[in-house]
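A.B. asks: This is the content of upload23.cif (mmCIF, C-alpha atoms (C1' of nucleotides)):
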```cif
data_model
loop_
_atom_site.label_atom_id
_atom_site.label_comp_id
_atom_site.auth_asym_id
_atom_site.auth_seq_id
_atom_site.Cartn_x
_atom_site.Cartn_y
_atom_site.Cartn_z
CA MET A 1246 -7.81 38.93 -36.47
CA LYS A 1247 -11.27 39.27 -35.05
CA GLU A 1248 -13.42 36.33 -36.01
CA ASN A 1249 -17.12 36.41 -36.68
CA HIS A 1250 -18.88 34.45 -33.96
CA SER A 1251 -22.41 35.56 -34.75
CA LYS A 1252 -23.56 32.06 -35.76
CA LEU A 1253 -22.57 30.56 -32.42
CA ASN A 1254 -25.12 29.53 -29.81
CA TYR A 1255 -24.77 28.28 -26.24
CA ALA A 1256 -24.02 24.71 -27.21
CA SER A 1257 -21.25 25.66 -29.62
CA TRP A 1258 -19.70 28.20 -27.24
CA ASN A 1259 -19.65 25.66 -24.46
CA SER A 1260 -18.28 22.93 -26.73
CA ILE A 1261 -15.37 25.09 -27.82
CA LEU A 1262 -14.66 26.29 -24.28
CA SER A 1263 -14.73 22.85 -22.76
CA GLY A 1264 -12.54 21.50 -25.57
CA CYS A 1265 -9.94 24.22 -24.92
CA PHE A 1266 -9.97 23.64 -21.17
CA GLN A 1267 -9.73 19.89 -21.52
CA SER A 1268 -6.79 20.12 -23.90
CA GLY A 1269 -4.97 22.46 -21.54
CA GLN A 1270 -5.36 25.59 -23.69
CA THR A 1271 -6.44 27.60 -20.68
CA GLN A 1272 -5.48 31.06 -21.92
CA GLU A 1273 -7.27 30.51 -25.22
CA ALA A 1274 -10.34 29.34 -23.27
CA LEU A 1275 -10.31 32.41 -21.01
CA ASN A 1276 -10.07 34.71 -24.05
CA LEU A 1277 -13.02 32.89 -25.59
CA LEU A 1278 -14.94 33.21 -22.33
CA SER A 1279 -14.73 36.98 -22.45
CA GLU A 1280 -15.56 37.01 -26.18
CA MET A 1281 -18.58 34.85 -25.39
CA GLN A 1282 -19.76 37.43 -22.88
CA ASP A 1283 -19.07 40.28 -25.32
CA SER A 1284 -21.34 38.53 -27.84
CA GLY A 1285 -24.15 38.63 -25.34
CA PHE A 1286 -24.02 35.07 -24.03
CA LYS A 1287 -23.99 34.84 -20.26
CA PRO A 1288 -22.10 31.84 -18.90
CA ASN A 1289 -24.66 29.19 -17.98
CA GLN A 1290 -24.39 26.14 -15.69
CA ILE A 1291 -22.44 24.20 -18.27
CA THR A 1292 -19.98 27.04 -18.90
CA LEU A 1293 -19.41 27.50 -15.18
CA THR A 1294 -18.86 23.82 -14.51
CA SER A 1295 -16.36 23.61 -17.30
CA VAL A 1296 -14.43 26.68 -16.06
CA LEU A 1297 -14.47 25.30 -12.50
CA THR A 1298 -13.00 22.03 -13.70
CA ALA A 1299 -10.21 23.97 -15.37
CA CYS A 1300 -9.56 25.76 -12.03
CA THR A 1301 -9.54 22.39 -10.25
CA ASN A 1302 -6.98 20.93 -12.60
CA SER A 1303 -4.71 23.95 -12.40
CA GLU A 1304 -5.19 24.30 -8.62
CA SER A 1305 -6.28 27.85 -9.24
CA LEU A 1306 -8.03 28.76 -6.00
CA ARG A 1307 -8.11 32.40 -7.03
CA GLY A 1308 -9.88 31.60 -10.30
CA GLY A 1309 -12.21 29.17 -8.55
CA LYS A 1310 -13.19 31.79 -5.98
CA GLU A 1311 -14.01 34.24 -8.75
CA ILE A 1312 -16.34 31.70 -10.29
CA HIS A 1313 -17.82 31.06 -6.84
CA GLY A 1314 -18.61 34.77 -6.67
CA TYR A 1315 -20.20 34.66 -10.09
CA ILE A 1316 -22.27 31.61 -9.10
CA PHE A 1317 -23.45 33.42 -5.98
CA ARG A 1318 -24.29 36.67 -7.77
CA HIS A 1319 -26.12 34.94 -10.61
CA CYS A 1320 -28.11 32.49 -8.50
CA PHE A 1321 -26.65 29.19 -9.68
CA LEU A 1322 -26.41 27.88 -6.13
CA ASN A 1323 -29.21 25.39 -6.67
CA ASP A 1324 -27.48 23.55 -9.50
CA THR A 1325 -26.15 20.22 -8.25
CA THR A 1326 -23.55 19.87 -10.99
CA VAL A 1327 -22.14 23.37 -10.52
CA LEU A 1328 -21.94 22.93 -6.75
CA THR A 1329 -20.28 19.54 -7.11
CA ALA A 1330 -17.64 21.08 -9.35
CA LEU A 1331 -17.21 23.85 -6.75
CA ILE A 1332 -16.81 21.32 -3.93
CA PHE A 1333 -14.18 19.42 -5.86
CA MET A 1334 -12.33 22.62 -6.83
CA TYR A 1335 -12.04 23.68 -3.16
CA ALA A 1336 -10.97 20.19 -2.10
CA LYS A 1337 -8.28 19.97 -4.76
CA CYS A 1338 -7.04 23.46 -3.84
CA GLY A 1339 -6.61 22.38 -0.20
CA LYS A 1340 -9.68 24.16 1.23
CA LEU A 1341 -11.76 21.31 2.64
CA LYS A 1342 -13.68 23.68 4.93
CA PHE A 1343 -15.06 25.54 1.91
CA SER A 1344 -16.00 22.21 0.29
CA GLN A 1345 -17.95 21.33 3.42
CA LYS A 1346 -19.77 24.66 3.38
CA ALA A 1347 -20.76 24.23 -0.25
CA PHE A 1348 -21.91 20.68 0.44
CA GLU A 1349 -24.03 21.80 3.38
CA MET A 1350 -25.97 24.25 1.27
CA MET A 1351 -26.83 21.77 -1.47
CA HIS A 1352 -30.55 21.20 -1.84
CA THR A 1353 -30.31 17.93 -3.70
CA ARG A 1354 -27.36 15.58 -3.49
CA ASP A 1355 -27.02 12.89 -6.10
CA THR A 1356 -24.55 10.02 -6.16
CA ILE A 1357 -21.77 12.11 -7.72
CA ALA A 1358 -22.22 14.89 -5.13
CA TRP A 1359 -21.90 12.39 -2.27
CA ASN A 1360 -18.98 10.66 -3.99
CA THR A 1361 -17.18 13.97 -4.38
CA MET A 1362 -17.60 14.90 -0.73
CA ILE A 1363 -16.52 11.44 0.41
CA MET A 1364 -13.43 11.54 -1.79
CA ALA A 1365 -12.65 15.08 -0.65
CA ASN A 1366 -12.52 13.87 2.95
CA SER A 1367 -10.54 10.78 2.03
CA MET A 1368 -7.85 12.74 0.28
CA HIS A 1369 -7.59 15.11 3.23
CA GLY A 1370 -7.11 12.18 5.62
CA ASN A 1371 -10.55 12.26 7.25
CA GLY A 1372 -11.42 8.59 6.99
CA GLU A 1373 -13.93 8.74 9.85
CA GLU A 1374 -15.80 11.59 8.17
CA ALA A 1375 -15.78 9.68 4.87
CA LEU A 1376 -17.45 6.76 6.65
CA THR A 1377 -19.97 9.04 8.36
CA LEU A 1378 -20.88 10.59 5.01
CA PHE A 1379 -21.24 7.13 3.49
CA THR A 1380 -23.71 6.17 6.25
CA GLN A 1381 -25.64 9.40 5.74
CA MET A 1382 -25.70 8.77 2.00
CA LEU A 1383 -27.29 5.37 2.53
CA LYS A 1384 -29.78 6.87 4.98
CA SER A 1385 -30.85 9.48 2.47
CA SER A 1386 -31.54 6.70 -0.06
CA VAL A 1387 -29.02 7.81 -2.66
CA LYS A 1388 -27.58 4.69 -4.22
CA PRO A 1389 -23.82 4.22 -3.96
CA ASN A 1390 -21.96 3.09 -7.06
CA ALA A 1391 -18.52 1.58 -7.65
CA ILE A 1392 -16.77 4.93 -7.29
CA THR A 1393 -18.42 5.53 -3.91
CA PHE A 1394 -16.65 2.44 -2.60
CA THR A 1395 -13.29 3.46 -4.03
CA GLY A 1396 -13.65 6.75 -2.16
CA VAL A 1397 -14.69 5.18 1.14
CA LEU A 1398 -11.99 2.49 0.96
CA SER A 1399 -9.23 4.97 0.22
CA GLY A 1400 -10.41 7.01 3.22
CA CYS A 1401 -10.14 3.86 5.36
CA SER A 1402 -6.61 3.12 4.18
CA HIS A 1403 -5.39 6.67 4.83
CA SER A 1404 -6.82 6.65 8.35
CA LYS A 1405 -5.85 3.10 9.31
CA LEU A 1406 -9.48 1.97 9.61
CA VAL A 1407 -8.83 -1.68 8.82
CA ASP A 1408 -11.94 -3.40 10.24
CA GLU A 1409 -14.17 -0.70 8.82
CA GLY A 1410 -12.52 -0.99 5.40
CA LEU A 1411 -12.83 -4.76 5.28
CA SER A 1412 -16.44 -4.57 6.38
CA VAL A 1413 -17.29 -2.00 3.69
CA PHE A 1414 -15.55 -4.16 1.08
CA ASN A 1415 -17.50 -7.25 2.15
CA SER A 1416 -20.78 -5.35 2.08
CA MET A 1417 -20.29 -4.42 -1.58
CA SER A 1418 -21.53 -7.61 -3.20
CA LYS A 1419 -23.59 -8.85 -0.25
CA VAL A 1420 -25.58 -5.72 0.55
CA HIS A 1421 -25.19 -3.35 -2.37
CA LEU A 1422 -24.95 -5.86 -5.22
CA ILE A 1423 -21.86 -4.18 -6.66
CA GLU A 1424 -19.07 -6.56 -7.64
CA PRO A 1425 -15.72 -5.23 -6.42
CA ASP A 1426 -13.43 -4.48 -9.36
CA ALA A 1427 -9.64 -4.46 -9.56
CA GLU A 1428 -9.47 -1.02 -7.98
CA HIS A 1429 -11.49 -2.03 -4.93
CA HIS A 1430 -9.25 -5.03 -4.45
CA SER A 1431 -6.22 -2.75 -4.63
CA CYS A 1432 -7.80 -0.52 -2.00
CA VAL A 1433 -8.10 -3.49 0.35
CA VAL A 1434 -4.45 -4.34 -0.24
CA ASP A 1435 -3.69 -0.72 0.61
CA VAL A 1436 -5.86 -0.84 3.75
CA LEU A 1437 -3.99 -3.91 5.01
CA SER A 1438 -0.54 -2.73 3.86
CA ARG A 1439 -0.72 0.70 5.45
CA ALA A 1440 -1.80 -0.92 8.70
CA GLY A 1441 1.32 -3.09 8.60
CA ARG A 1442 -0.59 -6.30 7.97
CA LEU A 1443 1.71 -7.20 5.08
CA GLU A 1444 1.38 -10.98 5.19
CA GLU A 1445 -2.41 -10.71 5.08
CA ALA A 1446 -2.16 -8.26 2.21
CA TYR A 1447 0.13 -10.64 0.34
CA LYS A 1448 -2.26 -13.57 0.91
CA PHE A 1449 -5.19 -11.40 -0.16
CA ILE A 1450 -3.46 -10.59 -3.46
CA GLN A 1451 -2.65 -14.23 -4.10
CA ASN A 1452 -6.19 -15.41 -3.41
CA MET A 1453 -8.05 -12.64 -5.22
CA SER A 1454 -10.81 -13.71 -7.60
CA ILE A 1455 -9.49 -11.32 -10.24
CA LYS A 1456 -5.96 -10.77 -11.48
CA ALA A 1457 -4.03 -8.33 -9.31
CA THR A 1458 -3.19 -5.12 -11.15
CA PRO A 1459 -0.02 -3.06 -10.75
CA SER A 1460 -1.91 -0.83 -8.32
CA ALA A 1461 -2.49 -3.75 -5.95
CA TRP A 1462 1.15 -4.78 -6.02
CA GLY A 1463 2.17 -1.12 -5.79
CA ALA A 1464 0.13 -0.67 -2.61
CA LEU A 1465 1.87 -3.67 -1.09
CA LEU A 1466 5.28 -2.34 -2.08
CA GLY A 1467 4.38 0.94 -0.40
CA GLY A 1468 3.56 -1.00 2.76
CA CYS A 1469 6.92 -2.81 2.57
CA ARG A 1470 8.61 0.61 2.50
CA VAL A 1471 6.79 1.94 5.56
CA TYR A 1472 7.25 -1.25 7.58
CA LYS A 1473 10.77 -1.96 6.28
CA ASN A 1474 10.13 -5.48 4.99
CA VAL A 1475 12.99 -6.01 2.53
CA ASP A 1476 12.32 -9.68 1.81
CA LEU A 1477 8.72 -9.16 0.77
CA ALA A 1478 9.68 -5.97 -1.08
CA ARG A 1479 12.05 -7.96 -3.32
CA ILE A 1480 9.28 -10.44 -4.21
CA VAL A 1481 6.70 -7.72 -4.84
CA ALA A 1482 9.07 -5.58 -6.89
CA LYS A 1483 10.00 -8.57 -9.06
CA LYS A 1484 6.32 -9.06 -9.80
CA LEU A 1485 5.93 -5.35 -10.66
CA PHE A 1486 8.95 -5.41 -12.98
CA GLU A 1487 7.19 -8.23 -14.87
CA ILE A 1488 3.72 -6.75 -15.18
CA GLU A 1489 4.68 -3.10 -15.40
CA PRO A 1490 8.11 -3.13 -17.04
CA ASN A 1491 8.12 0.52 -18.10
CA ASN A 1492 7.41 2.18 -14.77
CA PRO A 1493 10.55 3.65 -13.21
CA GLY A 1494 8.65 4.25 -9.95
CA ASN A 1495 8.87 0.59 -9.01
CA TYR A 1496 12.66 0.62 -9.34
CA VAL A 1497 12.85 3.81 -7.29
CA SER A 1498 10.66 2.33 -4.56
CA LEU A 1499 12.69 -0.86 -4.27
CA SER A 1500 15.93 1.10 -4.32
CA ASN A 1501 14.68 3.36 -1.52
CA ILE A 1502 13.70 0.36 0.58
CA LEU A 1503 17.15 -1.16 0.06
CA VAL A 1504 18.93 2.11 0.91
CA ASN A 1505 16.88 2.31 4.07
CA ALA A 1506 18.13 -1.14 5.02
CA LYS A 1507 21.68 0.05 4.22
CA LEU A 1508 21.97 -2.44 1.36
CA TRP A 1509 23.85 0.09 -0.76
CA GLY A 1510 25.20 -2.39 -3.30
CA GLU A 1511 21.87 -3.97 -4.09
CA ALA A 1512 20.26 -0.53 -4.22
CA SER A 1513 22.68 0.75 -6.81
CA GLU A 1514 22.21 -2.43 -8.86
CA THR A 1515 18.50 -1.68 -8.86
CA ARG A 1516 19.04 1.88 -10.02
CA LYS A 1517 21.47 0.64 -12.66
CA ALA A 1518 18.87 -1.85 -13.94
CA MET A 1519 16.48 1.08 -14.26
CA ARG A 1520 18.98 3.19 -16.18
CA ASP A 1521 19.94 0.27 -18.42
CA LYS A 1522 16.35 0.07 -19.55
CA GLY A 1523 16.51 3.75 -20.47
CA MET A 1524 14.15 4.85 -17.69
CA LYS A 1525 14.56 7.91 -15.52
CA LYS A 1526 13.09 8.78 -12.16
CA GLU A 1527 10.64 11.63 -12.42
CA PRO A 1528 12.28 14.65 -10.76
CA GLY A 1529 10.63 15.90 -7.57
CA CYS A 1530 9.09 19.35 -7.95
CA SER A 1531 7.14 21.54 -5.53
CA TRP A 1532 5.22 24.72 -6.14
CA VAL A 1533 3.49 27.44 -4.19
CA GLN A 1534 1.32 30.35 -5.29
CA VAL A 1535 2.25 33.83 -4.16
CA LYS A 1536 0.16 36.73 -5.40
CA ASN A 1537 -1.38 34.82 -8.28
CA LYS A 1538 1.98 33.58 -9.53
CA VAL A 1539 3.10 29.96 -9.25
CA HIS A 1540 6.69 29.55 -8.04
CA THR A 1541 8.25 26.15 -8.70
CA PHE A 1542 11.23 24.53 -7.02
CA VAL A 1543 13.35 21.45 -7.70
CA VAL A 1544 15.98 20.04 -5.38
CA GLY A 1545 18.81 22.50 -4.76
CA ASP A 1546 17.06 25.13 -6.86
CA LYS A 1547 18.79 28.52 -7.08
CA ARG A 1548 16.66 30.00 -9.87
CA ASN A 1549 14.38 32.02 -7.61
CA GLU A 1550 15.44 35.66 -7.44
CA HIS A 1551 15.20 35.51 -3.63
CA SER A 1552 17.12 32.25 -3.53
CA ASP A 1553 19.74 33.53 -1.07
CA ASP A 1554 17.03 34.66 1.35
CA ILE A 1555 15.31 31.27 1.09
CA TYR A 1556 18.47 29.36 2.01
CA LYS A 1557 19.25 31.85 4.79
CA PHE A 1558 15.70 31.37 6.10
CA LEU A 1559 16.08 27.59 6.07
CA SER A 1560 19.44 27.75 7.77
CA ASP A 1561 18.07 29.97 10.59
CA MET A 1562 15.01 27.75 10.80
CA SER A 1563 17.21 24.68 11.04
CA ASP A 1564 18.84 26.07 14.21
CA LYS A 1565 15.48 26.82 15.81
CA MET A 1566 14.18 23.40 14.84
CA ARG A 1567 17.14 21.66 16.47
CA GLN A 1568 16.54 23.62 19.66
CA ALA A 1569 12.95 22.37 19.52
CA GLY A 1570 14.14 18.78 19.22
CA TYR A 1571 14.31 18.19 15.45
CA LEU A 1572 16.80 15.56 14.31
CA PRO A 1573 17.59 15.44 10.58
CA ASP A 1574 16.71 11.99 9.30
CA THR A 1575 19.52 11.16 6.94
CA GLU A 1576 17.89 7.87 5.95
CA PHE A 1577 16.06 9.84 3.33
CA VAL A 1578 19.23 10.80 1.51
CA LEU A 1579 19.74 8.22 -1.13
CA GLN A 1580 23.39 8.71 -2.00
CA ASP A 1581 26.09 7.02 0.02
CA LEU A 1582 27.52 10.23 1.54
CA ASP A 1583 29.01 10.92 4.93
CA GLY A 1584 26.92 12.41 7.73
CA GLU A 1585 27.38 16.13 7.30
CA GLU A 1586 26.97 16.06 3.54
CA LYS A 1587 23.77 14.11 4.00
CA GLU A 1588 22.29 16.81 6.20
CA ASP A 1589 23.18 19.43 3.58
CA THR A 1590 21.32 17.46 0.93
CA LEU A 1591 18.26 17.34 3.15
CA CYS A 1592 17.98 21.11 3.51
CA ASN A 1593 17.51 21.75 -0.19
CA HIS A 1594 14.59 19.44 -0.99
CA SER A 1595 12.02 21.08 -3.23
CA GLU A 1596 9.23 20.93 -0.63
CA LYS A 1597 11.36 22.69 2.01
CA LEU A 1598 12.26 25.43 -0.48
CA ALA A 1599 8.61 25.94 -1.45
CA VAL A 1600 7.44 25.96 2.17
CA ALA A 1601 10.14 28.47 3.10
CA PHE A 1602 9.20 30.73 0.20
CA GLY A 1603 5.52 30.45 1.15
CA ILE A 1604 6.22 31.43 4.77
CA MET A 1605 8.42 34.33 3.69
CA ASN A 1606 5.50 35.68 1.63
CA LEU A 1607 2.69 35.14 4.13
CA LYS A 1608 1.67 38.82 4.21
CA GLY A 1609 -0.57 38.37 7.24
CA GLU A 1610 -2.18 35.12 6.12
CA SER A 1611 -2.13 32.24 8.57
CA GLU A 1612 -1.97 29.37 6.09
CA ILE A 1613 0.16 28.38 3.12
CA THR A 1614 -0.50 25.63 0.60
CA VAL A 1615 2.30 23.82 -1.20
CA PHE A 1616 1.93 21.21 -3.94
CA LYS A 1617 4.37 18.44 -4.81
CA ASN A 1618 4.31 16.03 -7.75
CA LEU A 1619 5.80 13.09 -5.81
CA ARG A 1620 5.32 11.84 -2.29
CA ILE A 1621 6.60 14.13 0.42
CA CYS A 1622 9.97 13.03 1.82
CA GLY A 1623 9.99 11.62 5.36
CA ASP A 1624 12.48 14.14 6.72
CA CYS A 1625 10.58 17.02 5.11
CA HIS A 1626 7.37 15.72 6.66
CA ASN A 1627 9.01 15.85 10.08
CA ALA A 1628 10.70 19.21 9.46
CA ILE A 1629 7.48 20.87 8.30
CA LYS A 1630 5.77 19.82 11.55
CA PHE A 1631 8.43 21.77 13.43
CA MET A 1632 8.21 24.75 11.06
CA ALA A 1633 4.44 24.99 11.52
CA LYS A 1634 4.92 25.10 15.28
CA ILE A 1635 7.83 27.54 15.30
CA VAL A 1636 6.27 30.03 12.87
CA GLY A 1637 2.74 29.50 14.22
CA VAL A 1638 1.09 28.94 10.83
CA ARG A 1639 -0.89 26.18 9.22
CA ILE A 1640 0.98 24.51 6.38
CA VAL A 1641 -0.96 22.43 3.87
CA VAL A 1642 1.05 20.17 1.59
CA ARG A 1643 -0.52 18.18 -1.19
CA ASP A 1644 1.78 15.41 -2.35
CA SER A 1645 1.12 12.97 -5.19
CA LEU A 1646 -1.49 11.17 -3.12
CA ARG A 1647 -3.21 13.34 -0.59
CA PHE A 1648 -3.23 16.42 1.61
CA HIS A 1649 -1.23 16.88 4.79
CA HIS A 1650 -2.38 19.56 7.23
CA PHE A 1651 0.47 20.66 9.49
CA ARG A 1652 -0.38 22.60 12.60
CA ASP A 1653 1.32 23.18 15.93
CA GLY A 1654 3.86 20.39 15.54
CA PHE A 1655 1.45 17.77 14.24
CA CYS A 1656 0.22 16.52 10.88
CA SER A 1657 -3.34 15.46 10.10
CA CYS A 1658 -2.04 12.16 8.69
CA LYS A 1659 -0.81 11.25 12.18
CA ASP A 1660 2.50 10.34 10.55
CA PHE A 1661 0.77 7.55 8.75
CA TRP A 1662 1.69 8.20 5.17
"C1'" DA B 978 -28.12 18.49 -32.69
"C1'" DT B 979 -23.60 20.18 -30.73
"C1'" DA B 980 -22.08 21.20 -23.82
"C1'" DG B 981 -21.19 20.27 -17.67
"C1'" DG B 982 -19.55 17.43 -11.87
"C1'" DG B 983 -16.60 12.03 -9.09
"C1'" DT B 984 -11.62 6.70 -9.10
"C1'" DT B 985 -6.44 4.22 -7.77
"C1'" DA B 986 0.00 3.21 -5.27
"C1'" DG B 987 4.51 5.19 -5.98
#
```
Could I get this structure in the form of structure tokens?

C.D. replies:
Amino acid sequence: MKENHSKLNYASWNSILSGCFQSGQTQEALNLLSEMQDSGFKPNQITLTSVLTACTNSESLRGGKEIHGYIFRHCFLNDTTVLTALIFMYAKCGKLKFSQKAFEMMHTRDTIAWNTMIMANSMHGNGEEALTLFTQMLKSSVKPNAITFTGVLSGCSHSKLVDEGLSVFNSMSKVHLIEPDAEHHSCVVDVLSRAGRLEEAYKFIQNMSIKATPSAWGALLGGCRVYKNVDLARIVAKKLFEIEPNNPGNYVSLSNILVNAKLWGEASETRKAMRDKGMKKEPGCSWVQVKNKVHTFVVGDKRNEHSDDIYKFLSDMSDKMRQAGYLPDTEFVLQDLDGEEKEDTLCNHSEKLAVAFGIMNLKGESEITVFKNLRICGDCHNAIKFMAKIVGVRIVVRDSLRFHHFRDGFCSCKDFW
DNA sequence: ATAGGGTTAG
């Protein structure tokens, strides 16, 4: 049924569109977008920003590029809001270089524009660049706000810039008259934890002027995992079970730390406690876009029609990787299996399947981008470094936290994840 | 009159 939209104006068109996009009804929104144009309304700044945000959230680089073209053709390149949305879309789709280009051509940069560019660098592991941008922002007399500091601090934690992070944190109230909130405190815990300064992080949490949130304790637990501190992990996890009783992630983290320390019994007790409370670990899932279609993979997935080829590819790759010095890290297999079985279970992780499928469908491109809902597994992180070198491509993986850029045997996170 | 861009640890 064709509806009569003759009474609609710009504001109502944009309201409906943005409502559809925000509630995830993307197809409905796209249909409305073309109806809007048929009724003689050209998308304006607000329409474009709202469509770009939808592209950002669905990681639709293809859609975002189309809008970029439209923006270019229709001279919207001087609109700060539209360009900010464009910068964020490229960053979230793994194309930081394009974000930088868009940022460079901005005429006016407000606080949100700077914040977006700082956060884009932070999530791609460029802590130094995030700090440089922050300095430039201050020089250009744009006032930072609370979100600016969250962005800068998370850049510091991802790049192991401890002194810089602490100094930025201390400058907040002293220089910028912004009181650090719970999130900023959590960032500091993360800065210290990721640098291995676990005791300091623990003391910081205990002496904080505000009550530590689950994110602060969670950052510390993450540090305990990286630096294999079982004793502190038990204390921190106990705290998390109290203040965040319904989050299965905390049980999974503690269990992983215990498995890593070969404390199988205690690990399975932890997982049992999780199950007894009716909680389930979120399944790991990776996806990759090939020719405008999103292909998803879970562990051991055989649903893909080229599944046999994918496993064959990984098996051949595995031989080449071993010749290049790759050693499967069976610590990342959580069941108590014997050696050979463990290696088998490593080869079918969702991120390896998605990366393999991406490489098999390169079609002359030199870069693939894979997304994962959870954190990338340690063995996969290592394996993908080898794959990037052997195949001679750039592999970008966005896990639940950030982007990893693999190239020539190395990852942009410098193995600090 | 109604509408648009930026947060966190697993």

A.B. asks: Tell me which protein, DNA and RNA residues are within 10 Å of segment 1352-1368 of chain A, counting only C-alpha atoms (C1' of nucleotides), leaving out same-chain ones fewer than 4 positions away, and put them as JSON, numbers by chain.

C.D. replies: {"A": [1322, 1323, 1324, 1325, 1326, 1328, 1329, 1330, 1332, 1333, 1334, 1335, 1336, 1337, 1339, 1340, 1341, 1344, 1345, 1347, 1348, 1372, 1373, 1374, 1375, 1376, 1377, 1378, 1379, 1381, 1382, 1385, 1386, 1387, 1388, 1389, 1390, 1391, 1392, 1393, 1394, 1395, 1396, 1397, 1398, 1399, 1400, 1401, 1402, 1403, 1404, 1643, 1646, 1647, 1648, 1649], "B": [982, 983, 984]}

A.B. asks: Write out as JSON, numbers by chain which residues come within 6 Å of Cys1530 of chain A when counting all atoms listed in the file, dropping same-chain ones fewer than 3 positions away.

C.D. replies: {"A": [1542, 1543, 1595, 1617, 1618]}

A.B. asks: If you count all atoms listed in the file, which residues fall within 9 Å of Ile1455 of chain A, apart from same-chain ones fewer than 4 positions away, as number ranges by chain?

C.D. replies: A: 1426-1427, 1430

A.B. asks: Show which residues sit within 8 Å of DG981 of chain B, as a ChimeraX atom specification. Count all atoms listed in the file, and ignore same-chain residues fewer than 3 positions away.

C.D. replies: /A:1290-1295,1326-1327

A.B. asks: Please report the interatomic distance between atom CA of Leu1331 of chain A and atom CA of Ile1316 of chain A in Å with one decimal.

C.D. replies: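 Those two atoms sit 9.6 Å apart.
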
A.B. asks: So how many Å separate atom CA of Tyr1472 of chain A and atom CA of Gly1441 of chain A, to one decimal?

C.D. replies: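 Taking atom CA of Tyr1472 of chain A and atom CA of Gly1441 of chain A, their separation equals 6.3 Å.
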
A.B. asks: Report, in Å with one decimal, the straight-line distance from atom CA of Phe1651 of chain A to atom CA of Ile1629 of chain A.

C.D. replies: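 Computing the Euclidean distance for atom CA of Phe1651 of chain A and atom CA of Ile1629 of chain A yields 7.1 Å.
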
A.B. asks: Using only C-alpha atoms (C1' of nucleotides) for the distances, tell me which of A:Asn1549, A:Ser1531, A:Ser1645, A:Thr1515 is nearest to chain B.

C.D. replies: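 Closest candidate: A:Ser1645.
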
A.B. asks: Using all atoms listed in the file, which protein or nucleic acid residues come within 12 Å of DA986 of chain B? Drop anything in the same chain fewer than 3 positions from it, and give the result as a VMD selection string.

C.D. replies: chain A and resid 1399 1402 to 1403 1428 1431 to 1436 1438 to 1439 1458 to 1468 1470 1485 1494 to 1495 1498 1619 to 1620 1645 to 1647 1662

A.B. asks: Applying the PyMOL selection byres ((chain B and resi 979) around 9) to the file I just gave you, which residues come out? Please list them as a count of residues only.

C.D. replies: 5

A.B. asks: Identify which of the residues A:Ser1454, A:Leu1406, A:Ser1416, A:Ala1299 lies closest to Ala1440 of chain A, counting all atoms listed in the file when measuring atom-to-atom distances.

C.D. replies: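 For Ala1440 of chain A, the nearest of the candidates is A:Leu1406.
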
A.B. asks: When you count only C-alpha atoms (C1' of nucleotides), which of these residues is closest to chain B: A:Phe1486, A:Phe1414, A:Phe1286, A:Tyr1496?

C.D. replies: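 Smallest distance to chain B is found for A:Tyr1496.
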